[in-house]
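Chemist: Following this message is one structure expressed as structure tokens.
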Amino acid sequence: MKIVSLNVGKPKPLTADEGSVLSGIWKTSVGTGPIRLTETGFHGDGQADLVYHGGPDKAICVYCYEHYPYWEQVMDKPLPHGAFGENLTVQGLTEREIRIGDIFECGPVRVQVSQPRQPCYKLGKRHDRTELPLLVLQTGYTGFYFRVLAAGMFDPTQPLQLVHPDPGGMTLEFANRIFYHDKSNMTGIRRILAVEALSEAWRTSLEKRLDSTHSS
């Protein structure tokens, strides 16, 4: 997996409107120099809403460069790296191949896929397209999150190498389909919950879905 761009940004007002909320969705490429990565993310990066963004399970937001041409056609404009609020714009694997629990290395850094990315309304605000979060879910081009297993200096010029494919084989594509579209598929939900590396947020949400089915 090739790193196309490493992007960071601190929270700032999402729009110029009075009462606009703060958001960390505005990310800018930091170039080729190494940058420190901790268990909660890259130096110089931040999130405004720590309830739904950031934290150990969502330390790094990742988006696939392969999807950029599609969105540039949909939005009829060129898109800079980081346009989807991602820290890493990557090329070489997509949601169809990447599995929850996969472990990657980049130099001394080791990271693990924890869950697909769930876009919120702020992505729509960022591009002045309120329907964009829904379109992202419909396409399955969601991106995903890394948790950090081994922190250190992250060099974006180095390849991001898959060193341990998760044995559960739970692709992001399948997880997205069950979570957002085939919501009553209890077998699918149980398969996702069986993945030890699944984020706490997704685990809690899916367990509630199972419990509500059992109690109805």
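Just so we're on the same page: first chain in the structure tokens is A, next is B, and so on; residues restart at 1 for each chain, and ligands are numbered from 1 in the order they show up.
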So that I can check the secondary structure, give me every residue of stretch 51-203 of chain A assigned strand (DSSP E or B) by backbone DSSP, as an MDAnalysis selection string.

Modeler: chainID A and resid 60:64 88:91 99 103:106 109:116 144:150 152:154 161:164 171

Chemist: With a cut-off of 10 Å, could you pull out the residues of stretch 81-109 of chain A touching stretch 27-44 of chain A and give me the nearest pair of atoms for each, distance in Å to one decimal, using only C-alpha atoms, ordered by chain and ascending number, as JSON lines?

Modeler:
```
{"residue": "A:His81", "atom": "CA", "partner": "A:Ser29", "partner_atom": "CA", "distance": 6.9}
{"residue": "A:Gly82", "atom": "CA", "partner": "A:Lys27", "partner_atom": "CA", "distance": 5.3}
{"residue": "A:Ala83", "atom": "CA", "partner": "A:Lys27", "partner_atom": "CA", "distance": 7.2}
{"residue": "A:Phe84", "atom": "CA", "partner": "A:Lys27", "partner_atom": "CA", "distance": 8.4}
{"residue": "A:Gly85", "atom": "CA", "partner": "A:Lys27", "partner_atom": "CA", "distance": 5.8}
{"residue": "A:Glu86", "atom": "CA", "partner": "A:Lys27", "partner_atom": "CA", "distance": 7.1}
{"residue": "A:Asn87", "atom": "CA", "partner": "A:Lys27", "partner_atom": "CA", "distance": 7.1}
{"residue": "A:Leu88", "atom": "CA", "partner": "A:Ser29", "partner_atom": "CA", "distance": 9.2}
{"residue": "A:Thr89", "atom": "CA", "partner": "A:Ser29", "partner_atom": "CA", "distance": 9.6}
{"residue": "A:Val109", "atom": "CA", "partner": "A:Leu37", "partner_atom": "CA", "distance": 8.0}
```

Chemist: Save the residues we just selected, N, CA and C atoms, as a compact mmCIF listing (two decimals), in the first residue's frame?

Modeler:
```txt
# COMPACT_ATOMS: atom_id res chain seq x y z
N HIS A 81 -5.68 16.26 -1.80
CA HIS A 81 -5.51 15.18 -0.84
C HIS A 81 -6.01 15.64 0.53
N GLY A 82 -6.67 14.75 1.23
CA GLY A 82 -7.27 15.12 2.51
C GLY A 82 -8.68 15.65 2.37
N ALA A 83 -9.23 15.60 1.16
CA ALA A 83 -10.56 16.17 0.91
C ALA A 83 -11.66 15.48 1.70
N PHE A 84 -11.40 14.26 2.15
CA PHE A 84 -12.41 13.53 2.92
C PHE A 84 -12.08 13.52 4.42
N GLY A 85 -11.22 14.44 4.81
CA GLY A 85 -10.86 14.55 6.21
C GLY A 85 -9.90 13.48 6.67
N GLU A 86 -9.28 12.78 5.71
CA GLU A 86 -8.40 11.67 6.07
C GLU A 86 -6.99 12.13 6.40
N ASN A 87 -6.36 11.41 7.31
CA ASN A 87 -4.95 11.65 7.63
C ASN A 87 -4.03 11.01 6.60
N LEU A 88 -4.42 9.85 6.11
CA LEU A 88 -3.63 9.15 5.10
C LEU A 88 -4.46 8.93 3.85
N THR A 89 -3.98 9.44 2.73
CA THR A 89 -4.53 9.10 1.43
C THR A 89 -3.64 7.98 0.89
N VAL A 109 6.61 2.09 12.92
CA VAL A 109 5.20 2.24 13.30
C VAL A 109 4.40 1.01 12.90
```

Chemist: So, counting only C-alpha atoms, which residue among A:Leu134, A:Gly143, A:Ala151, A:Gln161 is closest to A:Lys122?

Modeler: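 Of all the options, A:Leu134 lies closest to A:Lys122.
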
Chemist: Please give the complete set of residues from chain A that DSSP, run on the backbone, assigns to alpha helix (DSSP H), formatted as a PDB file with C-alpha atoms, in the first residue's frame.

Modeler:
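Everything below was put into states-v3.pdb:
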```pdb
ATOM      1  CA  TYR A  68     -10.871  10.241  -5.909  1.00  0.00           C
ATOM      2  CA  PRO A  69     -11.612  10.148  -9.691  1.00  0.00           C
ATOM      3  CA  TYR A  70     -15.176   9.027  -8.977  1.00  0.00           C
ATOM      4  CA  TRP A  71     -15.837  11.846  -6.517  1.00  0.00           C
ATOM      5  CA  GLU A  72     -14.171  14.424  -8.745  1.00  0.00           C
ATOM      6  CA  GLN A  73     -16.630  13.433 -11.455  1.00  0.00           C
ATOM      7  CA  VAL A  74     -19.595  13.532  -9.057  1.00  0.00           C
ATOM      8  CA  MET A  75     -18.630  16.947  -7.644  1.00  0.00           C
ATOM      9  CA  TYR A 121     -22.819  15.731   8.097  1.00  0.00           C
ATOM     10  CA  LYS A 122     -19.593  17.728   8.388  1.00  0.00           C
ATOM     11  CA  LEU A 123     -18.241  16.040   5.268  1.00  0.00           C
ATOM     12  CA  GLY A 124     -21.231  17.418   3.382  1.00  0.00           C
ATOM     13  CA  LYS A 125     -20.638  20.856   4.867  1.00  0.00           C
ATOM     14  CA  ARG A 126     -16.982  20.682   3.882  1.00  0.00           C
ATOM     15  CA  HIS A 127     -17.941  20.340   0.198  1.00  0.00           C
ATOM     16  CA  LEU A 132     -22.442  13.561   0.313  1.00  0.00           C
ATOM     17  CA  PRO A 133     -22.356  11.431   3.514  1.00  0.00           C
ATOM     18  CA  LEU A 134     -25.275   9.371   2.199  1.00  0.00           C
ATOM     19  CA  LEU A 135     -23.604   8.974  -1.195  1.00  0.00           C
ATOM     20  CA  VAL A 136     -20.449   7.748   0.522  1.00  0.00           C
ATOM     21  CA  LEU A 137     -22.417   5.076   2.373  1.00  0.00           C
ATOM     22  CA  GLN A 138     -24.267   4.052  -0.787  1.00  0.00           C
ATOM     23  CA  THR A 139     -21.042   3.565  -2.742  1.00  0.00           C
ATOM     24  CA  LEU A 172     -14.621  -3.511   5.131  1.00  0.00           C
ATOM     25  CA  GLU A 173     -16.939  -3.970   2.154  1.00  0.00           C
ATOM     26  CA  PHE A 174     -18.847  -6.764   3.931  1.00  0.00           C
ATOM     27  CA  ALA A 175     -18.911  -4.890   7.241  1.00  0.00           C
ATOM     28  CA  ASN A 176     -20.293  -1.772   5.537  1.00  0.00           C
ATOM     29  CA  MET A 186     -27.988 -11.371  12.411  1.00  0.00           C
ATOM     30  CA  THR A 187     -25.561 -13.923  10.994  1.00  0.00           C
ATOM     31  CA  GLY A 188     -23.543 -11.140   9.432  1.00  0.00           C
ATOM     32  CA  ILE A 189     -23.609  -9.131  12.646  1.00  0.00           C
ATOM     33  CA  ARG A 190     -22.297 -12.093  14.617  1.00  0.00           C
ATOM     34  CA  ARG A 191     -19.513 -12.570  12.073  1.00  0.00           C
ATOM     35  CA  ILE A 192     -18.420  -8.972  12.536  1.00  0.00           C
ATOM     36  CA  LEU A 193     -18.608  -9.219  16.332  1.00  0.00           C
ATOM     37  CA  GLU A 200     -15.556  -0.587  20.783  1.00  0.00           C
ATOM     38  CA  ALA A 201     -17.947   1.847  19.073  1.00  0.00           C
ATOM     39  CA  TRP A 202     -18.972  -0.651  16.392  1.00  0.00           C
ATOM     40  CA  ARG A 203     -19.066  -3.516  18.879  1.00  0.00           C
ATOM     41  CA  THR A 204     -21.423  -1.607  21.178  1.00  0.00           C
ATOM     42  CA  SER A 205     -23.698  -0.591  18.304  1.00  0.00           C
ATOM     43  CA  LEU A 206     -23.932  -4.096  16.842  1.00  0.00           C
ATOM     44  CA  GLU A 207     -24.457  -5.733  20.236  1.00  0.00           C
ATOM     45  CA  LYS A 208     -27.379  -3.363  20.854  1.00  0.00           C
ATOM     46  CA  ARG A 209     -28.812  -4.366  17.487  1.00  0.00           C
ATOM     47  CA  LEU A 210     -28.605  -8.032  18.479  1.00  0.00           C
ATOM     48  CA  ASP A 211     -30.148  -7.384  21.878  1.00  0.00           C
ATOM     49  CA  SER A 212     -33.060  -5.452  20.378  1.00  0.00           C
ATOM     50  CA  THR A 213     -33.785  -8.352  18.047  1.00  0.00           C
ATOM     51  CA  HIS A 214     -33.755 -10.887  20.891  1.00  0.00           C
ATOM     52  CA  SER A 215     -36.068  -8.764  23.030  1.00  0.00           C
TER      53      SER A 215
END
```

Chemist: Report the distance between atom CA of A:Cys106 and atom CA of A:Asn7 in Å, rounded to one decimal place.

Modeler: 15.9 Å
